[in-house]
file model-v6.csv (CSV, C-alpha atoms)
chain,number,residue,atom,x,y,z
A,20,SER,CA,-0.7,43.7,-22.7
A,21,ALA,CA,3.1,43.4,-23.0
A,22,ALA,CA,5.2,40.5,-21.7
A,23,ASN,CA,9.0,40.0,-21.3
A,24,SER,CA,10.9,36.8,-21.2
A,25,SER,CA,10.0,36.3,-17.6
A,26,ASN,CA,6.3,36.3,-18.4
A,27,ILE,CA,5.6,39.5,-16.6
A,28,VAL,CA,2.4,40.9,-18.1
A,29,LEU,CA,1.1,44.5,-18.0
A,30,ASN,CA,-2.6,44.8,-18.3
A,31,VAL,CA,-3.8,48.3,-19.3
A,32,ASN,CA,-7.3,49.8,-19.4
A,33,VAL,CA,-7.2,51.4,-22.8
A,34,LEU,CA,-10.2,53.7,-21.9
A,35,ASP,CA,-8.1,55.4,-19.3
A,36,LYS,CA,-5.4,57.2,-21.3
A,37,ALA,CA,-3.5,58.6,-18.3
A,38,GLU,CA,-3.3,55.2,-16.6
A,39,LYS,CA,-2.3,53.5,-19.9
A,40,ASP,CA,0.6,56.0,-20.6
A,41,LYS,CA,1.8,55.7,-17.0
A,42,LYS,CA,1.9,51.9,-17.0
A,43,ILE,CA,3.4,51.6,-20.4
A,44,GLU,CA,6.2,54.0,-19.4
A,45,ALA,CA,6.8,52.0,-16.2
A,46,VAL,CA,6.9,48.6,-17.9
A,47,TRP,CA,9.3,49.7,-20.7
A,48,GLY,CA,11.5,51.3,-18.0
A,49,TYR,CA,11.5,48.0,-16.2
A,50,LEU,CA,12.3,46.0,-19.4
A,51,GLY,CA,15.0,48.5,-20.3
A,52,ASP,CA,16.7,48.1,-16.9
A,53,LYS,CA,16.6,44.3,-17.2
A,54,GLY,CA,18.1,44.5,-20.7
A,55,GLU,CA,20.9,46.8,-19.5
A,56,GLU,CA,21.8,44.4,-16.6
A,57,THR,CA,22.0,41.4,-19.0
A,58,SER,CA,24.0,43.4,-21.5
A,59,THR,CA,26.5,44.5,-18.8
A,60,PHE,CA,26.9,41.0,-17.6
A,61,THR,CA,27.7,39.7,-21.1
A,62,GLY,CA,29.8,42.7,-22.0
A,63,GLU,CA,32.8,44.3,-20.2
A,64,LEU,CA,32.9,43.8,-16.4
A,65,ASP,CA,33.7,46.5,-13.9
A,66,GLU,CA,34.7,46.4,-10.2
A,67,GLU,CA,31.1,46.7,-9.0
A,68,LEU,CA,29.9,43.9,-11.1
A,69,LEU,CA,32.8,41.7,-10.3
A,70,LYS,CA,32.0,42.1,-6.6
A,71,LYS,CA,28.5,40.9,-7.3
A,72,ILE,CA,29.8,37.8,-9.1
A,73,PHE,CA,32.6,37.1,-6.5
A,74,PRO,CA,31.6,38.7,-3.1
A,75,GLN,CA,34.9,37.9,-1.4
A,76,VAL,CA,37.2,39.5,-4.0
A,77,SER,CA,39.4,42.2,-2.6
A,78,GLU,CA,39.6,45.6,-4.2
A,79,ASN,CA,43.3,45.1,-5.0
A,80,ASP,CA,42.7,41.7,-6.7
A,81,SER,CA,39.7,43.1,-8.5
A,82,ARG,CA,41.7,46.0,-10.0
A,83,ASN,CA,44.6,43.6,-11.0
A,84,ILE,CA,42.4,40.9,-12.4
A,85,LEU,CA,39.8,42.9,-14.3
A,86,PRO,CA,41.9,44.1,-17.3
A,87,PHE,CA,42.9,40.5,-18.1
A,88,LEU,CA,39.5,39.1,-17.4
A,89,ASN,CA,37.9,41.5,-19.8
A,90,GLN,CA,40.6,40.9,-22.4
A,91,TYR,CA,40.2,37.1,-22.4
A,92,LEU,CA,36.4,37.2,-22.2
A,93,VAL,CA,36.7,38.8,-25.6
A,94,GLU,CA,39.6,36.8,-27.0
A,95,PHE,CA,38.0,33.5,-26.1
A,96,SER,CA,34.5,34.6,-27.3
A,97,MET,CA,32.9,34.0,-23.9
A,98,ASN,CA,30.0,36.4,-24.4
A,99,SER,CA,27.0,34.4,-23.6
A,100,CYS,CA,25.2,34.6,-20.3
A,101,GLN,CA,25.0,30.9,-20.0
A,102,GLU,CA,28.7,30.2,-20.5
A,103,ARG,CA,29.8,33.0,-18.1
A,104,ILE,CA,27.6,31.6,-15.4
A,105,MET,CA,29.1,28.1,-15.9
A,106,PHE,CA,32.6,29.5,-16.0
A,107,PHE,CA,32.2,31.8,-12.9
A,108,THR,CA,30.5,29.0,-10.9
A,109,GLN,CA,33.7,26.9,-11.1
A,110,ILE,CA,35.9,29.9,-10.2
A,111,ALA,CA,33.7,30.7,-7.2
A,112,GLU,CA,34.2,27.3,-5.7
A,113,GLU,CA,37.9,26.8,-6.7
A,114,THR,CA,39.0,30.1,-5.3
A,115,ASP,CA,36.5,30.8,-2.6
A,116,ASN,CA,35.0,33.7,-4.7
A,117,LEU,CA,38.5,34.9,-5.9
A,118,ARG,CA,39.7,35.1,-2.3
A,119,LEU,CA,42.4,32.4,-2.9
A,120,LEU,CA,44.4,32.3,-6.1
A,121,GLU,CA,46.9,29.8,-4.7
A,122,GLU,CA,46.0,26.5,-2.9
A,123,VAL,CA,46.5,26.7,0.9
A,124,LYS,CA,48.1,23.9,2.9
A,125,SER,CA,45.6,21.3,3.8
A,126,GLY,CA,45.1,17.5,4.0
A,127,TRP,CA,45.4,17.2,0.2
A,128,ALA,CA,48.8,16.1,-1.1
A,129,SER,CA,48.6,18.7,-3.9
A,130,SER,CA,48.6,21.5,-1.3
A,131,ILE,CA,52.3,20.9,-0.5
A,132,SER,CA,53.4,20.2,-4.0
A,133,LYS,CA,55.6,22.5,-6.0
A,134,TYR,CA,52.9,22.5,-8.7
A,135,LYS,CA,50.0,23.0,-6.3
A,136,GLY,CA,46.7,24.6,-7.4
A,137,ARG,CA,47.2,28.1,-8.7
A,138,GLY,CA,45.1,30.6,-10.7
A,139,MET,CA,41.4,31.0,-11.1
A,140,PHE,CA,41.0,27.3,-11.9
A,141,GLN,CA,43.6,26.1,-9.4
A,142,LEU,CA,45.8,24.7,-12.2
A,143,THR,CA,47.5,21.6,-10.6
A,144,GLY,CA,50.3,19.2,-11.5
A,145,LEU,CA,53.5,19.3,-13.5
A,146,SER,CA,51.8,18.2,-16.7
A,147,ASN,CA,49.3,21.0,-16.6
A,148,TYR,CA,52.0,23.5,-15.8
A,149,ARG,CA,54.2,22.3,-18.7
A,150,ASN,CA,51.3,22.4,-21.1
A,151,PHE,CA,50.2,25.8,-20.0
A,152,GLU,CA,53.8,27.1,-20.4
A,153,ASN,CA,54.0,25.7,-23.9
A,154,TYR,CA,50.8,27.4,-24.8
A,155,CYS,CA,51.9,30.7,-23.4
A,156,LYS,CA,55.1,30.5,-25.4
A,157,THR,CA,53.1,30.1,-28.6
A,158,LEU,CA,51.7,33.6,-27.7
A,159,GLY,CA,55.2,34.9,-27.4
A,160,GLU,CA,55.2,34.9,-23.6
A,161,ASN,CA,58.6,34.5,-22.0
A,162,VAL,CA,57.6,32.2,-19.2
A,163,ASP,CA,59.1,29.4,-17.2
A,164,PHE,CA,56.4,27.9,-15.0
A,165,ILE,CA,58.4,24.7,-14.4
A,166,ASN,CA,61.2,26.6,-12.5
A,167,ASN,CA,58.9,29.4,-11.4
A,168,PRO,CA,55.5,27.9,-10.7
A,169,SER,CA,54.3,30.7,-8.5
A,170,ALA,CA,54.0,32.9,-11.6
A,171,VAL,CA,50.8,31.0,-12.5
A,172,ALA,CA,49.2,32.8,-9.5
A,173,GLU,CA,50.1,36.3,-11.0
A,174,PRO,CA,47.0,38.2,-12.2
A,175,LYS,CA,47.6,37.7,-16.0
A,176,TYR,CA,48.4,34.0,-15.9
A,177,SER,CA,45.9,33.3,-13.1
A,178,VAL,CA,43.2,34.5,-15.5
A,179,LEU,CA,44.7,33.1,-18.7
A,180,SER,CA,45.2,29.6,-17.3
A,181,ALA,CA,41.5,29.3,-16.5
A,182,PHE,CA,40.5,30.3,-20.1
A,183,TRP,CA,43.1,28.0,-21.6
A,184,PHE,CA,42.0,25.0,-19.5
A,185,TRP,CA,38.3,25.8,-20.3
A,186,ASP,CA,39.2,26.0,-24.0
A,187,ILE,CA,41.3,22.9,-24.4
A,188,ASN,CA,38.8,20.8,-22.6
A,189,ASN,CA,35.9,22.1,-24.7
A,190,CYS,CA,33.8,23.2,-21.7
A,191,LYS,CA,31.9,25.5,-24.0
A,192,LYS,CA,30.2,22.4,-25.3
A,193,TYR,CA,28.4,21.9,-22.0
A,194,SER,CA,27.7,25.6,-21.4
A,195,LYS,CA,24.8,26.2,-23.8
A,196,VAL,CA,22.0,25.1,-21.4
A,197,LEU,CA,22.1,25.9,-17.7
A,198,THR,CA,21.3,22.5,-16.2
A,199,GLU,CA,22.8,20.9,-13.2
A,200,GLU,CA,23.8,17.9,-15.3
A,201,ASN,CA,25.9,20.1,-17.6
A,202,MET,CA,27.4,21.9,-14.7
A,203,PHE,CA,28.3,18.6,-13.1
A,204,LYS,CA,30.2,17.6,-16.2
A,205,ILE,CA,32.1,20.8,-16.3
A,206,ALA,CA,32.9,20.5,-12.6
A,207,LYS,CA,34.3,17.0,-13.1
A,208,ILE,CA,36.5,18.4,-15.9
A,209,THR,CA,37.8,21.4,-14.0
A,210,ASN,CA,38.3,19.7,-10.6
A,211,CYS,CA,39.0,16.0,-11.6
A,212,GLY,CA,40.4,16.3,-15.1
A,213,SER,CA,37.7,14.4,-17.0
A,214,ILE,CA,34.0,13.5,-16.9
A,215,SER,CA,34.9,9.8,-16.2
A,216,SER,CA,37.4,10.5,-13.4
A,217,ASN,CA,36.8,9.1,-9.9
A,218,CYS,CA,38.2,12.4,-8.6
A,219,SER,CA,40.9,10.5,-6.5
A,220,HIS,CA,39.0,10.9,-3.3
A,221,ASN,CA,36.3,8.3,-4.1
A,222,ASP,CA,36.5,4.5,-3.6
A,223,GLN,CA,35.1,3.7,-7.0
A,224,GLU,CA,37.3,2.5,-9.8
A,225,GLN,CA,37.6,4.4,-13.0
A,226,PRO,CA,35.7,5.2,-15.1
A,227,CYS,CA,33.2,6.8,-12.7
A,228,TYR,CA,30.7,9.1,-14.2
A,229,THR,CA,28.8,9.7,-11.0
A,230,CYS,CA,31.7,10.5,-8.7
A,231,GLU,CA,31.3,13.9,-7.3
A,232,PRO,CA,34.1,16.6,-7.6
A,233,ASN,CA,35.5,18.3,-4.6
A,234,GLY,CA,33.1,21.0,-3.3
A,235,TRP,CA,30.1,19.8,-5.2
A,236,ASP,CA,27.6,21.2,-2.8
A,237,LYS,CA,29.2,24.6,-2.9
A,238,ARG,CA,29.3,24.5,-6.7
A,239,LYS,CA,25.6,23.8,-6.8
A,240,LYS,CA,25.0,26.7,-4.4
A,241,GLU,CA,27.1,29.1,-6.4
A,242,PHE,CA,25.4,27.9,-9.6
A,243,GLU,CA,22.0,28.7,-8.3
A,244,ARG,CA,23.1,32.1,-6.9
A,245,LEU,CA,24.6,33.2,-10.2
A,246,LYS,CA,21.5,32.0,-12.2
A,247,LYS,CA,19.3,34.0,-9.9
A,248,LEU,CA,21.6,37.1,-9.9
A,249,PHE,CA,21.9,37.1,-13.7
A,250,PRO,CA,18.9,35.5,-15.3
A,251,CYS,CA,19.6,34.6,-18.9
A,252,ASN,CA,17.1,35.4,-21.6

call {"tool": "encode", "arguments": {"input": "model-v6.csv", "output": "structure tokens"}}
result
Amino acid sequence: SAANSSNIVLNVNVLDKAEKDKKIEAVWGYLGDKGEETSTFTGELDEELLKKIFPQVSENDSRNILPFLNQYLVEFSMNSCQERIMFFTQIAEETDNLRLLEEVKSGWASSISKYKGRGMFQLTGLSNYRNFENYCKTLGENVDFINNPSAVAEPKYSVLSAFWFWDINNCKKYSKVLTEENMFKIAKITNCGSISSNCSHNDQEQPCYTCEPNGWDKRKKEFERLKKLFPCN
């Protein structure tokens, strides 16, 4: 018998050599395919894989985003299956599966702000724009997000802003184990600013550790979809 991490077992009648060889070849082929899928997901992404992760992404956005996404996945050492699922779950909800890289006009006050949500994490507010600008300047980038905020929605900064926000808020800390509790904490940080925030649309006073972030039901749905699509070993 041979078993993989999913507890799939191959039982072989060792007295029937032809049957044994056939089944062993089949199971190792299966395990090899699964290993390749996981390796691809935790390695460099391509357009086909990005479409699986974000079904609504356009071909144009995919081509423009992929070089920066692959670059920063390496530079920020985001190479574990668990962390990528946590990271992509937030992006899926914040951008409607990479369909919207800039907040559209809605009932939220932020949607009509000069510093409205932009980028893969929908970076919002003057303070975040200023801090991200200062970070980019330490990298030698000639940027001015205060006077040109729409630049945050450009492919490079749309991607980099998400990795930067993830890094400075230590979201990696909650990405080691794929539990809904950990995902909830990350969602509170990415959508509300902190785990203790009341998320501005709840009646509770701060601190509020149970206040749900915007789009919580969709985040849970995307979380389960990605876990099923890319099972981590």

call {"tool": "atom_distance", "arguments": {"input": "model-v6.csv", "atom1": "atom CA of A:Asn161", "atom2": "atom CA of A:Lys175"}}
result
12.9 Å

call {"tool": "closest_residue", "arguments": {"input": "model-v6.csv", "among": "A:Gly159, A:Ser216, A:Phe164, A:Ile208", "to": "A:Asn147", "atoms": "only C-alpha atoms"}}
result
A:Phe164

call {"tool": "closest_residue", "arguments": {"input": "model-v6.csv", "among": "A:Thr61, A:Thr114, A:Asn153, A:Ser213", "to": "A:Met97", "atoms": "all atoms listed in the file"}}
result
A:Thr61

call {"tool": "atom_distance", "arguments": {"input": "model-v6.csv", "atom1": "atom CA of A:Ser129", "atom2": "atom CA of A:Phe87"}}
result
26.6 Å

call {"tool": "closest_atom_pairs", "arguments": {"input": "model-v6.csv", "of": "stretch 125-210 of chain A", "to": "stretch 217-234 of chain A", "cutoff": "9 Å", "atoms": "all atoms listed in the file", "output": "tab-separated table"}}
result
residue	atom	partner	partner_atom	distance
A:Phe203	CA	A:Glu231	CA	8.0
A:Lys204	CA	A:Tyr228	CA	8.7
A:Ala206	CA	A:Pro232	CA	6.5
A:Lys207	CA	A:Pro232	CA	5.5
A:Ile208	CA	A:Pro232	CA	8.8
A:Thr209	CA	A:Pro232	CA	8.8
A:Asn210	CA	A:Pro232	CA	6.0

call {"tool": "closest_atom_pairs", "arguments": {"input": "model-v6.csv", "of": "stretch 104-165 of chain A", "to": "stretch 238-242 of chain A", "cutoff": "8 Å", "atoms": "all atoms listed in the file", "output": "Markdown table"}}
result
| residue | atom | partner | partner_atom | distance |
| --- | --- | --- | --- | --- |
| A:Ile104 | CA | A:Phe242 | CA | 7.2 |
| A:Met105 | CA | A:Phe242 | CA | 7.3 |
| A:Thr108 | CA | A:Phe242 | CA | 5.4 |
| A:Gln109 | CA | A:Arg238 | CA | 6.7 |
| A:Ala111 | CA | A:Glu241 | CA | 6.8 |
| A:Glu112 | CA | A:Arg238 | CA | 5.7 |

call {"tool": "write_last_selection", "arguments": {"input": "model-v6.csv", "atoms": "C-alpha atoms", "output": "mmCIF file, in the coordinates of the input"}}
result
data_model
loop_
_atom_site.group_PDB
_atom_site.id
_atom_site.type_symbol
_atom_site.label_atom_id
_atom_site.label_comp_id
_atom_site.auth_asym_id
_atom_site.auth_seq_id
_atom_site.Cartn_x
_atom_site.Cartn_y
_atom_site.Cartn_z
ATOM 1 C CA ILE A 104 27.600 31.600 -15.400
ATOM 2 C CA MET A 105 29.100 28.100 -15.900
ATOM 3 C CA THR A 108 30.500 29.000 -10.900
ATOM 4 C CA GLN A 109 33.700 26.900 -11.100
ATOM 5 C CA ALA A 111 33.700 30.700 -7.200
ATOM 6 C CA GLU A 112 34.200 27.300 -5.700
#

call {"tool": "atom_distance", "arguments": {"input": "model-v6.csv", "atom1": "atom CA of A:Leu88", "atom2": "atom CA of A:Ser146"}}
result
24.3 Å

call {"tool": "residues_near_point", "arguments": {"input": "model-v6.csv", "point": "(32.2, 40.1, -16.6)", "cutoff": "9 Å", "atoms": "only C-alpha atoms", "output": "number ranges by chain"}}
result
A: 59-65, 68-69, 72, 85, 88-89, 92, 98, 103

call {"tool": "write_last_selection", "arguments": {"input": "model-v6.csv", "atoms": "C-alpha atoms", "output": "CSV table (one decimal), keeping the file's coordinate frame"}}
result
chain,number,residue,atom,x,y,z
A,59,THR,CA,26.5,44.5,-18.8
A,60,PHE,CA,26.9,41.0,-17.6
A,61,THR,CA,27.7,39.7,-21.1
A,62,GLY,CA,29.8,42.7,-22.0
A,63,GLU,CA,32.8,44.3,-20.2
A,64,LEU,CA,32.9,43.8,-16.4
A,65,ASP,CA,33.7,46.5,-13.9
A,68,LEU,CA,29.9,43.9,-11.1
A,69,LEU,CA,32.8,41.7,-10.3
A,72,ILE,CA,29.8,37.8,-9.1
A,85,LEU,CA,39.8,42.9,-14.3
A,88,LEU,CA,39.5,39.1,-17.4
A,89,ASN,CA,37.9,41.5,-19.8
A,92,LEU,CA,36.4,37.2,-22.2
A,98,ASN,CA,30.0,36.4,-24.4
A,103,ARG,CA,29.8,33.0,-18.1

call {"tool": "closest_residue", "arguments": {"input": "model-v6.csv", "among": "A:Ser180, A:Ser169, A:Met202, A:Cys211", "to": "A:Glu243", "atoms": "all atoms listed in the file"}}
result
A:Met202

call {"tool": "residues_around", "arguments": {"input": "model-v6.csv", "residues": "stretch 116-118 of chain A", "least_positions_apart": "2", "cutoff": "12 Å", "atoms": "only C-alpha atoms", "output": "ChimeraX atom specification"}}
result
/A:69-81,83-85,107-114,120-123,137-141,172,174,177-178,237-238,241,245

call {"tool": "closest_residue", "arguments": {"input": "model-v6.csv", "among": "A:Asn150, A:Ser99, A:Ser130, A:Asn201", "to": "A:Ile214", "atoms": "all atoms listed in the file"}}
result
A:Asn201
